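**Student:** Here it is, the structure, as structure tokens.
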Protein chains: 4
Amino acid sequence: MDKLKVGVLGATGMVGQNFLRLLANHPWFEVVYLAASPGSAGKKYADAVAGRWHMHGDIPPQFRNITVEDASQVEKATGKCSLVFSAVEMDKTAILALELEYASQGFAVVSNNSAHRNTEDVPVMIPEINHDHLNIIPEQRKRHGWTTGLLAVKPNCSIQSYMIPLFALMKAGYTIDKMIVTTLQALSGASSPGPAAIDLVDNTLPYISGEEEKSEVEPRKIFGKIQGGKIVLDDSIKISAHCNRVPVTDGHTACCSVQFAGKKPSAEEIIDIWRNFTALPQELKLPSAPVPVMDYRDEIDRPQPWKDRDAGNGMAITVGRLRKCNVFDYRFIGLHHNTVRGAAGGAILTAELLKAKGFAG
Amino acid sequence: MDKLKVGVLGATGMVGQNFLRLLANHPWFEVVYLAASPGSAGKKYADAVAGRWHMHGDIPPQFRNITVEDASQVEKATGKCSLVFSAVEMDKTAILALELEYASQGFAVVSNNSAHRNTEDVPVMIPEINHDHLNIIPEQRKRHGWTTGLLAVKPNCSIQSYMIPLFALMKAGYTIDKMIVTTLQALSGASSPGPAAIDLVDNTLPYISGEEEKSEVEPRKIFGKIQGGKIVLDDSIKISAHCNRVPVTDGHTACCSVQFAGKKPSAEEIIDIWRNFTALPQELKLPSAPVPVMDYRDEIDRPQPWKDRDAGNGMAITVGRLRKCNVFDYRFIGLHHNTVRGAAGGAILTAELLKAKGFAG
Amino acid sequence: MDKLKVGVLGATGMVGQNFLRLLANHPWFEVVYLAASPGSAGKKYADAVAGRWHMHGDIPPQFRNITVEDASQVEKATGKCSLVFSAVEMDKTAILALELEYASQGFAVVSNNSAHRNTEDVPVMIPEINHDHLNIIPEQRKRHGWTTGLLAVKPNCSIQSYMIPLFALMKAGYTIDKMIVTTLQALSGASSPGPAAIDLVDNTLPYISGEEEKSEVEPRKIFGKIQGGKIVLDDSIKISAHCNRVPVTDGHTACCSVQFAGKKPSAEEIIDIWRNFTALPQELKLPSAPVPVMDYRDEIDRPQPWKDRDAGNGMAITVGRLRKCNVFDYRFIGLHHNTVRGAAGGAILTAELLKAKGFAG
Amino acid sequence: MDKLKVGVLGATGMVGQNFLRLLANHPWFEVVYLAASPGSAGKKYADAVAGRWHMHGDIPPQFRNITVEDASQVEKATGKCSLVFSAVEMDKTAILALELEYASQGFAVVSNNSAHRNTEDVPVMIPEINHDHLNIIPEQRKRHGWTTGLLAVKPNCSIQSYMIPLFALMKAGYTIDKMIVTTLQALSGASSPGPAAIDLVDNTLPYISGEEEKSEVEPRKIFGKIQGGKIVLDDSIKISAHCNRVPVTDGHTACCSVQFAGKKPSAEEIIDIWRNFTALPQELKLPSAPVPVMDYRDEIDRPQPWKDRDAGNGMAITVGRLRKCNVFDYRFIGLHHNTVRGAAGGAILTAELLKAKGFAG
């Protein structure tokens, strides 16, 4: 199989670097186009990120000598690739416009940014949950007059560790009424440079700008339905989120209390549902789809960021400590790797699904 | 005023050291009796703790040369002091017996241990909340045949930062129906040596043995009523707690979601209640009673352990981020110093109250 | 005694905040003038630092309502105070000019900045070591035509923990030939915001810009002699420094290997010299002068930042682990509080010395 | 090629777990024998380590059901494997005896323990440096009357990051006269559980028991010569080490100042030597031999534990910041992964060399 040629917009930033790290040996995608701000344009990638490559391991050698383009010059991408991952760091208005421009020029755009998450016909994808939201793409194309272009985004990095466990229960026939969740979030989730070290030695921070709102609203779109060319938010589930920043490099932890509406599963049943949950990405054997999707740990003190974030190459969700809640029905802990499942890896899985379903390629 | 002579049982352990640090310049109490395990008995205090004094600052000089006694030889304390703080580290059965023995020999025993927290006629004290639980002491004395002896304990270190805010609202006439709380707890709350460093670098732990149960049950006793010689648990409030260990030395953070029963205060009213809350310890001008009791911070990212744990010399509660909850009525963050307000300092405040009310002295 | 009226230039930055924290209850100085950048000018201090007050404890109440002036408008200070502490954060040229301007307008300027450390007639002060360098002030005044103005600076924060131990040995008649030192430096030593948290979780940094050069050169000026109106660098001692940044909030550790020239003291003698070292600031009973100057700890694992940085209210040096070196004569560990002894506190001690010697007041 | 059957003694401890992690997919070795203390004997490996498996990633599935034997019953290993890795945690006398017993029963013993490092005919191996020390094995066998048995050990985990750089220079014809080194060592280097978390939050420790002595003596054996059936220590190089514990999980940093005897290379030459250094393990293409052996980084702030410890799968040495020293000739920073190159990985490389040279198999 010929690999699909892809590009990365915002290739020099932290998220862009994560895309390159994860795409370095991808079986379906070949990175041929790197774009960033005008200041990086014209430089070889290795020079453009000199002194700010922050990944474990070095720059993959095949990317070192690619000349970085100015991301705003869409024509530079034309003919080179057909799908771009967007990780640009600009203001929201500029991102909204740039991503639309790439889509209008025929590119499948899979974005890590939050800008288009509220755009009504742009799906916010967790492929195991709402793969059928890709059915909005024909309507999206029709509205814009695009033929091959499209726009899909991944949600905020704070929600994956509870969204997939909740969805597994919903798919098994149970209805979630409400959830109160407190997250302990890793530093890599912050835009670079993120919090200062002096604020996170012997300390945690009880606030992350914008994070609680996103954690409460985006799930409703992901659980929503396509109706009249829009994705209509689900109104049946209420989520309240407290988001803390903790001195952890990678891996978001979520302490969840959940109330069901109607019939309630037993604890054994829940664990069984989680351990056996599988979805379309697994059936399609998408390269980044983890098997199993969820790892339920029996140990009393798991999941933990250091030990569990790399489960399924960073794409699996680790769950543990399912127990009765004094106030709601159940409590549990979820954990996922925020820059893999929660960011670049989640976007790549979406791109794989787009390709498998014939929307890109 | 002559100072009351006091002793510390378990003086060589971490909690014992904290008692000594906080009692070093106490205006009402003078430490004259130090007791520990037989292995320390007969040594000067400075020798007994050599290599394991873990406080900020050195051993207060006045304690260095006190000869440590064997805590089990109660007669060694007789005539020296009339009140003892208990911080012994033994198994539960041994603590139950030892603390009773001191009380039966006429000592007022104020304990940091959990052993007697479930004993029906032993009050679990947060003096600002349940100072009237000291009224059980005459019944306690009667039942045991004690004349001057008594037994009072302080609760688990995880709850102070939300108990006082909740109580302030209750005192203002509101009824708390339920609360879901997630704590981020400091390392000094663990029994020495506590978790290994390798488990808390780039990591947090989602479990602390026994902590969630204590956080859910003890509030019901503190909010309870004396009835028929017992303290009867309050049944009106339901609390569910998730307890995490984080790499912070001192200072427990609590992320709270609260539902009222009946009428609900406005946010402005809540903040006003908190800022103006005062109680008997403040009226009695007990030396360790913080004024104000609670510090509500307007900054969006407070309270934080590093910045707020020392408020009121470690005895005040810092509260922040009061906001609507998507699921319950309100959310807020509470923080307190776990080894001061949550442990030795809380016990000392209780002893001050005992003295002020004429139960010790 | 009437307190000396003083000002703080750069009062809103981290170093400026430290000055205010340390001057809040100073027995000799009263802060009456606060100046910062034009952006803060005209605001009350509490408003000017809203959201960026980073000290333990709150803004001392007496400073909250002082109106901040534009530091460049020197005339605003005239008549208000006679001594200013400089903690401005500007480029070197601007600092050089601003500090000279204040001195030329008659102010005693005691600076925390590095700008004037290489100015030949400006003393770089560690008062216990080179108090006699203040004798250059008459020559400084004469050269500039100043009558009451003067300029003195404190050295880089990385060197205090070994400079005082070395000097104590020199004062006792021994000659230091060379030293190799590796420092483990705290985060508060970096200009705000300092390193990102993600770079100091599960990590240390082997480089601090400019720090090694300063650590090697400034000692030679402090050990130097006044000659012909200049302070001539000492050439007899050679120092080589490796400077690391570690995830510690406050407290720099220095691992030192020292070679003597000529006769060598015994280990017992060295410890004795250190424990008994005293100097002019102690004899003059300057308010910030620690007694003892140095605390030599016998424990094998001391000094440590958490336990020892606050010795002598952050002004004492803690030393430990004196032992034979396989390559040089001796090895030892030194530690000091970098923002107290190493920065604002060191400058305040210098100001106290200036006042005591009649140069300011 | 048939894989060599191997065993792991002390398989349940941290070092044993590291051996299993690194041997899980080894191309030459197949783990068939796991032994530990009597308490674990008879259990399946997964049960024996339940609750104390501390590696990233789970227990490799092929080891889960192996029945753990009592390490002291050497006969249980007979016929199963011919080489054992020793990671037992016992007192020194017991280790000395046990490892000899296995060797006398015909096993090639490659030990991670320090017990036999001072045994005169036991080589302390860093294969890139002293592969020719394996020539002592025939003499070792002769002295003991062994035919297939042998005993080789790996050195302390603190020295690899400077030993290989120093040796590369020696091999290029330069003589090292002396070195002063300060290490910043990771937590995984301590025996489990290692330091308490509360001692390494906002803190570093300036002392590691036994570490400085080993860091100074073991290099002299590794650089030594076989003479009269013994390995005679090298006397030409003097090393002085300061060893600190820092809050890093994996990766030891060494700040080195080096003095040459005789001619001195230029900085360019040194970097060139380091970048081009290769040795017998690379020539033999041993599976664990890193290529390149050393990675010299040009960035001013490297090496760092988080970014560089996994270079060469944890087997490469990363070097940086070569610069003139004010006191000696040069300074540089070295870094290696202490539990891979510095422990289990270093022992596995030694076993590979033994096999390649025909001493095991």
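Going by the structure tokens order, chains are called A, B, ..., each with residues numbered from 1, while ligands are numbered from 1 in the order shown.
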Output the coordinates of chain D after least-squares fitting to chain B on all in-order C-alpha pairs, as a short mmCIF file (atom, residue, chain, number, x, y, z; two decimals) with C-alpha atoms, in the first residue's frame.
**Tutor:**
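This went into selection-v7.cif:
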data_model
loop_
_atom_site.label_atom_id
_atom_site.label_comp_id
_atom_site.auth_asym_id
_atom_site.auth_seq_id
_atom_site.Cartn_x
_atom_site.Cartn_y
_atom_site.Cartn_z
CA MET D 1 -0.69 32.98 84.99
CA ASP D 2 1.22 29.80 85.77
CA LYS D 3 1.56 27.65 82.74
CA LEU D 4 -0.14 24.26 82.72
CA LYS D 5 2.38 21.45 82.83
CA VAL D 6 1.90 19.05 79.94
CA GLY D 7 3.47 15.92 78.51
CA VAL D 8 3.83 14.40 75.07
CA LEU D 9 3.44 10.64 74.57
CA GLY D 10 5.22 9.42 71.45
CA ALA D 11 7.46 12.48 71.57
CA THR D 12 10.09 11.05 69.24
CA GLY D 13 7.80 10.36 66.24
CA MET D 14 6.86 12.85 63.57
CA VAL D 15 3.61 13.92 65.22
CA GLY D 16 5.36 14.14 68.57
CA GLN D 17 8.01 16.35 67.05
CA ASN D 18 5.31 18.56 65.62
CA PHE D 19 3.75 18.85 69.08
CA LEU D 20 7.10 19.97 70.48
CA ARG D 21 7.67 22.44 67.67
CA LEU D 22 4.26 24.01 68.23
CA LEU D 23 4.48 23.93 72.02
CA ALA D 24 7.99 25.41 72.19
CA ASN D 25 6.79 28.90 73.06
CA HIS D 26 3.22 28.24 74.06
CA PRO D 27 1.78 30.91 76.35
CA TRP D 28 -0.41 28.51 78.39
CA PHE D 29 1.42 25.16 78.30
CA GLU D 30 4.84 24.07 79.46
CA VAL D 31 6.15 20.71 78.27
CA VAL D 32 7.79 18.90 81.18
CA TYR D 33 7.24 15.25 80.37
CA LEU D 34 8.33 13.40 77.23
CA ALA D 35 7.60 9.72 76.77
CA ALA D 36 8.16 7.26 73.97
CA SER D 37 8.88 3.58 73.38
CA PRO D 38 11.10 1.62 75.78
CA GLY D 39 13.97 1.95 73.28
CA SER D 40 14.10 5.69 73.83
CA ALA D 41 13.49 5.60 77.57
CA GLY D 42 16.35 6.92 79.67
CA LYS D 43 17.89 8.93 76.85
CA LYS D 44 17.97 12.67 76.64
CA TYR D 45 15.47 13.83 74.06
CA ALA D 46 18.17 15.16 71.70
CA ASP D 47 19.85 11.77 71.74
CA ALA D 48 16.61 9.86 71.37
CA VAL D 49 15.71 11.71 68.16
CA ALA D 50 19.23 12.02 66.81
CA GLY D 51 19.08 11.47 63.06
CA ARG D 52 15.29 11.53 62.92
CA TRP D 53 14.30 15.08 63.86
CA HIS D 54 12.41 16.07 60.72
CA MET D 55 11.03 19.51 61.49
CA HIS D 56 11.99 22.81 59.93
CA GLY D 57 14.38 24.36 62.41
CA ASP D 58 16.19 22.54 65.16
CA ILE D 59 14.98 20.85 68.33
CA PRO D 60 13.83 23.64 70.64
CA PRO D 61 16.71 23.88 73.13
CA GLN D 62 14.57 23.57 76.24
CA PHE D 63 13.61 20.01 75.24
CA ARG D 64 17.05 18.72 74.33
CA ASN D 65 18.00 17.54 77.80
CA ILE D 66 14.66 16.26 79.06
CA THR D 67 15.02 12.56 79.82
CA VAL D 68 12.56 10.52 77.79
CA GLU D 69 10.40 8.13 79.81
CA ASP D 70 8.80 4.85 78.79
CA ALA D 71 5.28 5.90 77.81
CA SER D 72 3.82 2.71 79.27
CA GLN D 73 5.03 3.60 82.77
CA VAL D 74 2.22 6.02 83.51
CA GLU D 75 3.45 6.57 87.05
CA LYS D 76 6.45 8.44 85.66
CA ALA D 77 4.10 11.23 84.59
CA THR D 78 2.25 11.45 87.87
CA GLY D 79 2.87 14.67 89.68
CA LYS D 80 4.73 16.12 86.76
CA CYS D 81 1.89 17.18 84.50
CA SER D 82 -1.87 17.08 84.31
CA LEU D 83 -2.46 16.94 80.57
CA VAL D 84 -0.82 14.74 77.97
CA PHE D 85 -0.87 14.88 74.21
CA SER D 86 -0.86 11.43 72.72
CA ALA D 87 1.05 10.79 69.50
CA VAL D 88 2.16 7.24 70.18
CA GLU D 89 2.68 4.95 67.22
CA MET D 90 1.46 1.52 68.33
CA ASP D 91 -1.21 -0.89 67.22
CA LYS D 92 -4.76 0.18 67.81
CA THR D 93 -5.42 -2.11 70.78
CA ALA D 94 -2.35 -0.86 72.60
CA ILE D 95 -3.28 2.77 71.98
CA LEU D 96 -6.84 2.21 73.18
CA ALA D 97 -5.48 0.78 76.41
CA LEU D 98 -2.68 3.25 76.97
CA GLU D 99 -4.80 6.35 76.50
CA LEU D 100 -7.44 4.95 78.86
CA GLU D 101 -4.75 4.18 81.41
CA TYR D 102 -3.49 7.77 81.40
CA ALA D 103 -7.04 9.08 81.69
CA SER D 104 -7.75 6.70 84.56
CA GLN D 105 -4.65 7.98 86.34
CA GLY D 106 -6.12 11.47 86.25
CA PHE D 107 -4.62 12.93 83.14
CA ALA D 108 -6.50 14.90 80.55
CA VAL D 109 -5.57 13.02 77.38
CA VAL D 110 -5.78 14.82 74.05
CA SER D 111 -4.97 12.40 71.31
CA ASN D 112 -3.87 12.72 67.75
CA ASN D 113 -4.55 9.01 67.15
CA SER D 114 -7.52 7.49 65.44
CA ALA D 115 -7.93 4.68 67.96
CA HIS D 116 -10.61 6.25 70.14
CA ARG D 117 -12.45 8.16 67.41
CA ASN D 118 -15.20 5.57 67.37
CA THR D 119 -15.48 5.35 71.16
CA GLU D 120 -18.99 6.61 71.77
CA ASP D 121 -18.31 8.96 74.63
CA VAL D 122 -15.04 10.35 73.31
CA PRO D 123 -15.51 13.63 71.46
CA VAL D 124 -13.76 14.11 68.11
CA MET D 125 -12.95 17.79 68.25
CA ILE D 126 -12.76 20.64 65.79
CA PRO D 127 -13.20 23.31 68.44
CA GLU D 128 -14.79 25.90 66.15
CA ILE D 129 -17.51 23.37 65.30
CA ASN D 130 -18.33 21.07 68.18
CA HIS D 131 -17.00 22.74 71.31
CA ASP D 132 -20.21 21.70 73.01
CA HIS D 133 -19.20 18.05 72.64
CA LEU D 134 -16.95 18.68 75.63
CA ASN D 135 -20.16 18.48 77.61
CA ILE D 136 -19.87 14.74 77.38
CA ILE D 137 -16.82 14.76 79.62
CA PRO D 138 -18.77 14.66 82.88
CA GLU D 139 -20.62 11.63 81.56
CA GLN D 140 -17.34 10.10 80.40
CA ARG D 141 -15.84 10.62 83.85
CA LYS D 142 -18.89 9.23 85.55
CA ARG D 143 -18.97 6.10 83.45
CA HIS D 144 -15.29 5.38 84.10
CA GLY D 145 -15.20 6.64 87.67
CA TRP D 146 -12.58 9.26 86.73
CA THR D 147 -12.35 12.56 88.57
CA THR D 148 -9.82 14.61 86.68
CA GLY D 149 -9.05 12.24 83.80
CA LEU D 150 -10.66 12.70 80.42
CA LEU D 151 -10.16 11.68 76.82
CA ALA D 152 -10.66 13.84 73.73
CA VAL D 153 -9.33 13.29 70.22
CA LYS D 154 -8.90 15.27 67.04
CA PRO D 155 -10.23 13.92 63.72
CA ASN D 156 -8.37 12.71 60.65
CA CYS D 157 -6.22 15.33 58.93
CA SER D 158 -8.12 15.16 55.64
CA ILE D 159 -11.34 16.92 56.57
CA GLN D 160 -10.67 20.27 58.26
CA SER D 161 -10.58 22.30 55.05
CA TYR D 162 -14.17 21.48 54.22
CA MET D 163 -15.66 20.84 57.65
CA ILE D 164 -15.26 24.42 58.81
CA PRO D 165 -16.65 25.96 55.59
CA LEU D 166 -19.60 23.56 55.70
CA PHE D 167 -20.23 24.26 59.36
CA ALA D 168 -20.16 28.01 58.83
CA LEU D 169 -22.99 27.60 56.31
CA MET D 170 -24.91 25.30 58.65
CA LYS D 171 -24.54 27.77 61.49
CA ALA D 172 -25.94 30.44 59.18
CA GLY D 173 -29.07 28.37 58.76
CA TYR D 174 -28.42 26.31 55.65
CA THR D 175 -28.62 22.54 55.42
CA ILE D 176 -26.00 20.56 53.58
CA ASP D 177 -27.50 17.57 51.84
CA LYS D 178 -24.46 15.99 50.22
CA MET D 179 -20.94 16.60 49.13
CA ILE D 180 -18.49 14.91 46.76
CA VAL D 181 -14.92 15.82 47.58
CA THR D 182 -11.59 14.93 46.01
CA THR D 183 -8.50 15.59 48.09
CA LEU D 184 -4.89 16.16 47.01
CA GLN D 185 -3.04 15.24 50.19
CA ALA D 186 0.46 16.10 51.36
CA LEU D 187 3.17 13.61 52.26
CA SER D 188 3.50 14.68 55.87
CA GLY D 189 0.06 13.21 56.48
CA ALA D 190 1.42 9.69 56.00
CA SER D 191 2.96 7.80 58.87
CA SER D 192 6.74 7.97 58.68
CA PRO D 193 8.51 7.17 56.40
CA GLY D 194 5.51 7.46 54.10
CA PRO D 195 5.57 6.77 50.37
CA ALA D 196 8.90 6.26 48.62
CA ALA D 197 10.28 9.17 46.64
CA ILE D 198 10.45 7.08 43.49
CA ASP D 199 6.67 6.68 43.63
CA LEU D 200 6.06 10.43 43.81
CA VAL D 201 8.41 11.88 41.23
CA ASP D 202 6.43 12.46 38.02
CA ASN D 203 3.52 10.70 39.69
CA THR D 204 0.56 10.94 42.03
CA LEU D 205 -1.13 8.10 43.91
CA PRO D 206 -4.91 7.64 43.68
CA TYR D 207 -5.29 5.82 46.98
CA ILE D 208 -4.52 6.36 50.67
CA SER D 209 -5.30 3.45 52.95
CA GLY D 210 -8.27 4.12 55.25
CA GLU D 211 -8.48 7.77 54.33
CA GLU D 212 -11.70 7.81 52.36
CA GLU D 213 -13.63 5.94 55.04
CA LYS D 214 -12.44 8.32 57.77
CA SER D 215 -13.22 11.33 55.60
CA GLU D 216 -16.77 10.12 55.17
CA VAL D 217 -17.57 8.92 58.70
CA GLU D 218 -15.83 11.31 61.08
CA PRO D 219 -17.75 14.39 59.85
CA ARG D 220 -20.97 12.70 60.93
CA LYS D 221 -19.67 12.34 64.48
CA ILE D 222 -18.40 15.92 64.62
CA PHE D 223 -21.78 17.18 63.39
CA GLY D 224 -23.52 14.77 65.77
CA LYS D 225 -25.42 15.33 69.03
CA ILE D 226 -24.87 14.15 72.59
CA GLN D 227 -27.70 11.84 73.50
CA GLY D 228 -27.84 9.36 76.37
CA GLY D 229 -24.16 9.65 77.17
CA LYS D 230 -23.08 9.06 73.63
CA ILE D 231 -22.33 11.17 70.64
CA VAL D 232 -24.88 10.11 68.02
CA LEU D 233 -23.82 10.41 64.41
CA ASP D 234 -25.50 12.95 62.18
CA ASP D 235 -27.40 11.21 59.40
CA SER D 236 -28.46 14.18 57.36
CA ILE D 237 -25.28 14.74 55.40
CA LYS D 238 -23.77 12.35 52.87
CA ILE D 239 -20.12 12.71 51.93
CA SER D 240 -18.16 10.83 49.29
CA ALA D 241 -14.38 11.27 49.25
CA HIS D 242 -11.64 10.44 46.72
CA CYS D 243 -8.23 10.77 48.39
CA ASN D 244 -5.02 11.22 46.36
CA ARG D 245 -1.44 11.54 47.53
CA VAL D 246 0.54 14.25 45.73
CA PRO D 247 4.19 15.38 45.94
CA VAL D 248 3.56 18.22 48.39
CA THR D 249 5.22 18.33 51.80
CA ASP D 250 2.46 20.05 53.78
CA GLY D 251 -1.06 21.22 52.98
CA HIS D 252 -4.12 19.21 51.94
CA THR D 253 -6.30 20.56 49.11
CA ALA D 254 -10.00 19.61 48.84
CA CYS D 255 -12.08 20.06 45.66
CA CYS D 256 -15.66 20.12 46.90
CA SER D 257 -19.06 19.97 45.21
CA VAL D 258 -21.92 20.68 47.58
CA GLN D 259 -25.68 20.28 47.40
CA PHE D 260 -27.97 22.05 49.86
CA ALA D 261 -31.29 20.78 51.13
CA GLY D 262 -33.96 23.46 51.20
CA LYS D 263 -33.05 27.09 50.66
CA LYS D 264 -29.78 27.93 48.97
CA PRO D 265 -27.56 30.88 49.71
CA SER D 266 -26.22 33.11 46.95
CA ALA D 267 -22.51 33.00 46.21
CA GLU D 268 -22.06 36.46 47.71
CA GLU D 269 -23.80 35.31 50.85
CA ILE D 270 -21.59 32.24 51.17
CA ILE D 271 -18.40 34.27 50.84
CA ASP D 272 -19.74 36.74 53.34
CA ILE D 273 -20.57 33.95 55.79
CA TRP D 274 -17.13 32.44 55.42
CA ARG D 275 -15.28 35.71 55.83
CA ASN D 276 -17.22 36.61 58.94
CA PHE D 277 -17.35 33.21 60.58
CA THR D 278 -16.08 33.17 64.13
CA ALA D 279 -16.63 30.74 66.95
CA LEU D 280 -16.04 30.04 70.61
CA PRO D 281 -12.24 29.53 70.34
CA GLN D 282 -11.95 33.02 68.85
CA GLU D 283 -14.25 34.53 71.46
CA LEU D 284 -12.23 32.90 74.22
CA LYS D 285 -9.08 34.15 72.54
CA LEU D 286 -7.50 30.72 72.71
CA PRO D 287 -3.81 31.16 71.79
CA SER D 288 -3.98 28.88 68.76
CA ALA D 289 -7.37 30.07 67.50
CA PRO D 290 -6.85 31.77 64.11
CA VAL D 291 -8.47 35.12 63.39
CA PRO D 292 -10.00 35.04 60.88
CA VAL D 293 -10.86 31.36 60.96
CA MET D 294 -11.25 31.29 57.20
CA ASP D 295 -9.48 33.26 54.52
CA TYR D 296 -11.51 33.43 51.31
CA ARG D 297 -9.16 34.35 48.41
CA ASP D 298 -10.45 36.18 45.38
CA GLU D 299 -7.62 35.05 43.10
CA ILE D 300 -8.79 32.49 40.54
CA ASP D 301 -5.90 30.10 41.24
CA ARG D 302 -5.99 29.90 45.02
CA PRO D 303 -5.77 28.28 47.51
CA GLN D 304 -2.45 26.55 46.83
CA PRO D 305 -0.46 24.48 49.36
CA TRP D 306 2.80 26.42 49.08
CA LYS D 307 1.23 29.83 49.40
CA ASP D 308 -1.65 29.25 51.76
CA ARG D 309 -0.82 26.47 54.20
CA ASP D 310 0.73 28.82 56.73
CA ALA D 311 -2.26 31.18 56.91
CA GLY D 312 -3.08 31.90 60.54
CA ASN D 313 0.14 30.13 61.58
CA GLY D 314 -1.16 26.99 59.94
CA MET D 315 -4.46 27.08 61.84
CA ALA D 316 -6.65 29.02 59.37
CA ILE D 317 -8.62 27.45 56.54
CA THR D 318 -8.13 29.00 53.11
CA VAL D 319 -11.03 28.81 50.69
CA GLY D 320 -11.37 29.89 47.08
CA ARG D 321 -12.98 29.39 43.68
CA LEU D 322 -16.57 29.35 44.93
CA ARG D 323 -18.62 28.86 41.78
CA LYS D 324 -21.76 27.17 40.53
CA CYS D 325 -21.54 23.42 40.07
CA ASN D 326 -23.08 21.86 36.96
CA VAL D 327 -24.40 18.98 39.01
CA PHE D 328 -24.76 20.20 42.60
CA ASP D 329 -25.31 23.76 43.84
CA TYR D 330 -21.78 24.99 44.38
CA ARG D 331 -18.14 24.06 44.06
CA PHE D 332 -15.17 25.38 46.00
CA ILE D 333 -11.59 24.59 46.99
CA GLY D 334 -10.52 24.32 50.61
CA LEU D 335 -7.01 24.02 51.99
CA HIS D 336 -5.45 23.60 55.40
CA HIS D 337 -2.09 22.71 56.91
CA ASN D 338 -2.42 19.02 57.66
CA THR D 339 0.17 18.73 60.43
CA VAL D 340 -0.87 21.96 62.17
CA ARG D 341 -4.65 22.49 61.90
CA GLY D 342 -5.06 18.87 60.82
CA ALA D 343 -2.99 17.26 63.57
CA ALA D 344 -0.87 18.66 66.42
CA GLY D 345 -2.22 22.20 66.17
CA GLY D 346 -5.80 20.97 66.19
CA ALA D 347 -5.08 18.91 69.31
CA ILE D 348 -3.43 21.87 71.03
CA LEU D 349 -6.45 24.04 70.25
CA THR D 350 -8.61 21.36 71.84
CA ALA D 351 -6.38 21.36 74.92
CA GLU D 352 -6.67 25.12 75.12
CA LEU D 353 -10.44 24.83 74.99
CA LEU D 354 -10.37 22.18 77.71
CA LYS D 355 -8.35 24.49 79.89
CA ALA D 356 -10.52 27.53 79.15
CA LYS D 357 -13.64 25.56 80.02
CA GLY D 358 -12.12 24.26 83.24
CA PHE D 359 -11.73 20.63 82.24
CA ALA D 360 -7.96 20.67 82.52
CA GLY D 361 -5.56 22.63 84.68
#
**Student:** Hey, what does DSSP flag as alpha helix (DSSP H) within stretch 16-199 of chain B? Can you give it to me as a PyMOL selection string?
**Tutor:** chain B and resi 16-23+45-48+61-64+92-104+127-130+137-144+160-171
**Student:** As an MDAnalysis selection string, list the residues of stretch 166-311 of chain A assigned to strand (DSSP E) by DSSP on the backbone atoms of this structure.
**Tutor:** chainID A and resid 175:185 225:227 230:232 238:245 252:261 294:297
